[in-house]
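The data block below is data_20.txt; it holds compact mmCIF, C-alpha atoms and all ligand atoms.
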```txt
# COMPACT_ATOMS: atom_id res chain seq x y z
CA MET A 1 0.29 10.02 -5.21
CA ARG A 2 0.82 6.26 -5.37
CA GLN A 3 -0.20 5.99 -1.72
CA HIS A 4 -3.44 7.67 -2.76
CA GLY A 5 -4.12 5.10 -5.47
CA PHE A 6 -2.82 6.93 -8.53
CA LYS A 7 -0.87 4.94 -11.11
CA LEU A 8 2.16 6.94 -12.18
CA THR A 9 4.75 6.76 -14.88
CA VAL A 10 7.70 9.01 -14.05
CA HIS A 11 9.73 10.63 -16.82
CA ASP A 12 12.95 12.35 -15.84
CA VAL A 13 13.82 14.98 -18.41
CA ASP A 14 16.56 17.59 -18.58
CA ASN A 15 14.35 20.39 -19.83
CA MET A 16 10.83 20.82 -18.50
CA SER A 17 10.09 24.01 -20.46
CA PRO A 18 8.68 22.35 -23.62
CA ILE A 19 6.33 20.25 -21.47
CA LYS A 20 5.09 23.19 -19.41
CA GLU A 21 4.58 25.12 -22.64
CA ARG A 22 2.69 22.26 -24.31
CA VAL A 23 0.23 21.83 -21.43
CA GLY A 24 -0.35 25.58 -21.30
CA LEU A 25 1.07 26.43 -17.91
CA PRO A 26 0.96 30.23 -17.47
CA TYR A 27 4.07 32.18 -16.54
CA GLY A 28 4.59 32.36 -12.77
CA MET A 29 2.62 29.18 -12.02
CA GLY A 30 5.58 26.82 -12.35
CA SER A 31 7.01 24.34 -9.90
CA CYS A 32 9.42 21.41 -10.05
CA HIS A 33 7.30 18.75 -11.77
CA THR A 34 4.41 18.53 -14.19
CA ALA A 35 1.91 15.67 -14.33
CA GLU A 36 -0.86 14.92 -16.80
CA ILE A 37 -4.08 13.13 -15.95
CA GLY A 38 -7.53 13.03 -17.54
CA GLY A 39 -6.71 15.85 -19.95
CA TYR A 40 -5.48 18.15 -17.17
CA PHE A 41 -2.03 19.17 -16.03
CA ILE A 42 -1.03 19.00 -12.38
CA GLU A 43 1.83 21.36 -11.65
CA GLY A 44 3.88 21.05 -8.49
CA HIS A 45 2.97 19.77 -5.05
CA VAL A 46 -0.81 19.54 -5.46
CA PRO A 47 -2.51 17.46 -2.70
CA ALA A 48 -3.93 14.17 -4.01
CA ALA A 49 -7.38 15.07 -2.65
CA GLU A 50 -7.52 18.11 -4.96
CA VAL A 51 -6.53 16.00 -7.98
CA ALA A 52 -9.33 13.57 -7.09
CA ARG A 53 -11.75 16.48 -6.74
CA LEU A 54 -10.66 17.89 -10.10
CA LEU A 55 -11.32 14.56 -11.81
CA GLN A 56 -14.69 14.28 -10.12
CA GLU A 57 -15.88 17.86 -10.77
CA LYS A 58 -14.30 18.05 -14.26
CA PRO A 59 -14.28 21.86 -14.52
CA LYS A 60 -13.52 23.46 -17.88
CA ALA A 61 -9.85 24.13 -17.24
CA LYS A 62 -6.32 23.26 -18.20
CA GLY A 63 -5.22 22.05 -14.80
CA LEU A 64 -4.14 22.70 -11.24
CA ALA A 65 -0.97 24.38 -10.02
CA VAL A 66 0.78 24.97 -6.74
CA PRO A 67 3.46 27.47 -7.75
CA GLY A 68 6.85 27.13 -6.14
CA MET A 69 7.50 24.54 -3.44
CA PRO A 70 5.59 25.53 -0.28
CA ILE A 71 6.79 24.00 2.98
CA GLY A 72 4.17 21.60 4.31
CA SER A 73 2.70 20.68 0.92
CA PRO A 74 2.75 16.95 0.04
CA GLY A 75 6.36 15.93 -0.49
CA MET A 76 7.62 19.12 1.17
CA GLU A 77 7.00 18.15 4.79
CA GLN A 78 9.42 19.68 7.29
CA GLY A 79 8.31 18.65 10.75
CA ASN A 80 5.15 20.55 11.58
CA GLN A 81 6.06 23.64 9.59
CA GLN A 82 3.24 24.81 7.38
CA GLN A 83 3.51 27.60 4.87
CA PRO A 84 0.03 28.66 3.66
CA TYR A 85 -0.52 28.08 -0.06
CA ASP A 86 -3.22 28.05 -2.70
CA VAL A 87 -4.03 25.36 -5.23
CA MET A 88 -4.81 27.36 -8.36
CA LEU A 89 -7.24 26.31 -11.07
CA VAL A 90 -5.87 27.37 -14.46
CA LYS A 91 -8.71 27.97 -16.88
CA GLU A 92 -8.78 27.49 -20.65
CA ASP A 93 -7.94 31.16 -21.24
CA GLY A 94 -4.98 31.01 -18.84
CA SER A 95 -6.72 32.94 -16.07
CA THR A 96 -6.59 31.46 -12.57
CA SER A 97 -8.78 31.14 -9.51
CA VAL A 98 -8.23 29.59 -6.09
CA PHE A 99 -9.34 25.94 -6.15
CA ALA A 100 -8.33 25.21 -2.56
CA HIS A 101 -6.42 26.88 0.24
CA TYR A 102 -4.07 25.07 2.63
CA PRO A 103 -3.90 24.52 5.51
CA LYS A 104 -7.66 23.83 5.54
CU CU B 201 9.04 20.39 -5.59
```
Render the structure in this file as structure tokens.
Amino acid sequence: MRQHGFKLTVHDVDNMSPIKERVGLPYGMGSCHTAEIGGYFIEGHVPAAEVARLLQEKPKAKGLAVPGMPIGSPGMEQGNQQQPYDVMLVKEDGSTSVFAHYPK
């Protein structure tokens, strides 16, 4: 994310559950880290381009999530292996829709 121009402050915490609960992450959408930017949460290995798009389009939503840790997502590179995955938009009511699909 830093390479893509985002300024980050990293907090290492023992228990992520209260944070995921506070930002309103629905059950089953979780990954290994939760970020907050511009009033949205960013859960897991979301490509920087989708975060930029989110901040530009400003949809009514809680945030973006890539559940789990798909191989080939940013930070999960393993050679040229690529597991297909969706970037999910989590709406205010907790429902989700596909924001982007990878690989494009
Ligand atoms: Cu991860």
Determine the nearest neighbour of Lys60 in chain A from the options A:Asp86, A:Glu36, A:Glu92, A:Glu43, counting all atoms listed in the file.
A:Glu92
Pick out the closest residue to ligand CU 201 (chain B) from this set: A:Ala49, A:Met69, A:Leu89, A:Val23. Count all atoms listed in the file.
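Closest residue, counting all atoms listed in the file: A:Met69.
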Can you measure CA of Gly38 in chain A to CA of Val87 in chain A for me? One decimal in Å is fine.
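Computing it gives 17.8 Å between the two atoms.
Taking CA of Ala52 in chain A and CA of Pro26 in chain A as the two end points, the separation is 22.2 Å.
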Which one of A:His4, A:Lys58, A:His101, A:His33 sits closest to ligand CU 201 (chain B) if you count only C-alpha atoms and all ligand atoms?
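The closest residue to ligand CU 201 (chain B) is A:His33.
If you measure from each of A:Ser73, A:Leu64, A:Phe41, A:Glu57 to ligand CU 201 (chain B) using only C-alpha atoms and all ligand atoms, the closest one turns out to be A:Ser73.
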Please identify all protein, DNA and RNA residues within 10 Å of ligand CU 201 (chain B), counting all atoms listed in the file, and report them as a ChimeraX atom specification.
/A:30-34,43-46,66-71,73-76
Nearest to Gly28 in chain A: which of A:Lys104, A:Ser95, A:Asn15, A:Ala48 is it, counting all atoms listed in the file?
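Result for the nearest residue to Gly28 in chain A: A:Ser95.
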Rank A:Val98, A:Ala35, A:Tyr40, A:Glu50 by their smallest atom-to-atom distance to Thr9 in chain A, using all atoms listed in the file, and report the top residue only.
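Ranking A:Val98, A:Ala35, A:Tyr40, A:Glu50 by distance to Thr9 in chain A, first place goes to A:Ala35.
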Long-range neighbours of Asp93 in chain A as a PDB file with C-alpha atoms, keeping the file's coordinate frame, 10 Å cut-off, all atoms listed in the file, 2 positions minimum in chain:
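Written output follows (part18.pdb):
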```
ATOM      1  CA  GLY A  24      -0.350  25.580 -21.300  1.00  0.00           C
ATOM      2  CA  PRO A  26       0.960  30.230 -17.470  1.00  0.00           C
ATOM      3  CA  ALA A  61      -9.850  24.130 -17.240  1.00  0.00           C
ATOM      4  CA  LYS A  62      -6.320  23.260 -18.200  1.00  0.00           C
ATOM      5  CA  VAL A  90      -5.870  27.370 -14.460  1.00  0.00           C
ATOM      6  CA  LYS A  91      -8.710  27.970 -16.880  1.00  0.00           C
ATOM      7  CA  SER A  95      -6.720  32.940 -16.070  1.00  0.00           C
ATOM      8  CA  THR A  96      -6.590  31.460 -12.570  1.00  0.00           C
TER       9      THR A  96
END
```
Would you mind reading off the distance between CA of Val51 in chain A and CA of His11 in chain A, one decimal, in Å?
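Separating CA of Val51 in chain A from CA of His11 in chain A is a distance of 19.3 Å.
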Report as a list in words all protein, DNA and RNA residues lying within 12 Å of Gly72 in chain A, evaluated on only C-alpha atoms, omitting residues in the same chain fewer than 3 positions from it.
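The filter keeps His45, Val46, Pro47, Met69, Gly75, Met76, Glu77, Gln78, Gly79, Asn80, Gln81, Gln82, Gln83, Pro84, Tyr85, Tyr102 and Pro103 of chain A.
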Hey, could you patch up range 40-57 of chain A with N, CA and C atoms and hand it over as an mmCIF file, in the coordinates of the input?
```cif
data_model
loop_
_atom_site.group_PDB
_atom_site.id
_atom_site.type_symbol
_atom_site.label_atom_id
_atom_site.label_comp_id
_atom_site.auth_asym_id
_atom_site.auth_seq_id
_atom_site.Cartn_x
_atom_site.Cartn_y
_atom_site.Cartn_z
ATOM 1 N N TYR A 40 -5.921 16.997 -17.962
ATOM 2 C CA TYR A 40 -5.480 18.150 -17.170
ATOM 3 C C TYR A 40 -3.986 18.058 -16.878
ATOM 4 N N PHE A 41 -3.375 19.214 -16.602
ATOM 5 C CA PHE A 41 -2.030 19.170 -16.030
ATOM 6 C C PHE A 41 -2.113 19.372 -14.533
ATOM 7 N N ILE A 42 -1.153 18.832 -13.831
ATOM 8 C CA ILE A 42 -1.030 19.000 -12.380
ATOM 9 C C ILE A 42 0.386 19.488 -12.145
ATOM 10 N N GLU A 43 0.509 20.759 -11.787
ATOM 11 C CA GLU A 43 1.830 21.360 -11.650
ATOM 12 C C GLU A 43 2.214 21.492 -10.187
ATOM 13 N N GLY A 44 3.337 20.875 -9.837
ATOM 14 C CA GLY A 44 3.880 21.050 -8.490
ATOM 15 C C GLY A 44 3.223 20.158 -7.458
ATOM 16 N N HIS A 45 3.352 20.592 -6.194
ATOM 17 C CA HIS A 45 2.970 19.770 -5.050
ATOM 18 C C HIS A 45 1.487 19.908 -4.711
ATOM 19 N N VAL A 46 0.644 19.459 -5.634
ATOM 20 C CA VAL A 46 -0.810 19.540 -5.460
ATOM 21 C C VAL A 46 -1.271 18.340 -4.609
ATOM 22 N N PRO A 47 -2.013 18.587 -3.516
ATOM 23 C CA PRO A 47 -2.510 17.460 -2.700
ATOM 24 C C PRO A 47 -3.375 16.510 -3.524
ATOM 25 N N ALA A 48 -3.207 15.209 -3.264
ATOM 26 C CA ALA A 48 -3.930 14.170 -4.010
ATOM 27 C C ALA A 48 -5.437 14.384 -3.950
ATOM 28 N N ALA A 49 -5.935 14.865 -2.810
ATOM 29 C CA ALA A 49 -7.380 15.070 -2.650
ATOM 30 C C ALA A 49 -7.904 16.089 -3.660
ATOM 31 N N GLU A 50 -7.082 17.082 -3.999
ATOM 32 C CA GLU A 50 -7.520 18.110 -4.960
ATOM 33 C C GLU A 50 -7.491 17.553 -6.382
ATOM 34 N N VAL A 51 -6.561 16.651 -6.662
ATOM 35 C CA VAL A 51 -6.530 16.000 -7.980
ATOM 36 C C VAL A 51 -7.781 15.139 -8.127
ATOM 37 N N ALA A 52 -8.130 14.409 -7.072
ATOM 38 C CA ALA A 52 -9.330 13.570 -7.090
ATOM 39 C C ALA A 52 -10.572 14.428 -7.301
ATOM 40 N N ARG A 53 -10.609 15.571 -6.615
ATOM 41 C CA ARG A 53 -11.750 16.480 -6.740
ATOM 42 C C ARG A 53 -11.856 17.046 -8.158
ATOM 43 N N LEU A 54 -10.714 17.382 -8.728
ATOM 44 C CA LEU A 54 -10.660 17.890 -10.100
ATOM 45 C C LEU A 54 -11.269 16.868 -11.059
ATOM 46 N N LEU A 55 -10.865 15.610 -10.901
ATOM 47 C CA LEU A 55 -11.320 14.560 -11.810
ATOM 48 C C LEU A 55 -12.795 14.252 -11.612
ATOM 49 N N GLN A 56 -13.286 14.513 -10.414
ATOM 50 C CA GLN A 56 -14.690 14.280 -10.120
ATOM 51 C C GLN A 56 -15.555 15.438 -10.642
ATOM 52 N N GLU A 57 -15.090 16.672 -10.392
ATOM 53 C CA GLU A 57 -15.880 17.860 -10.770
ATOM 54 C C GLU A 57 -15.721 18.210 -12.248
#
```
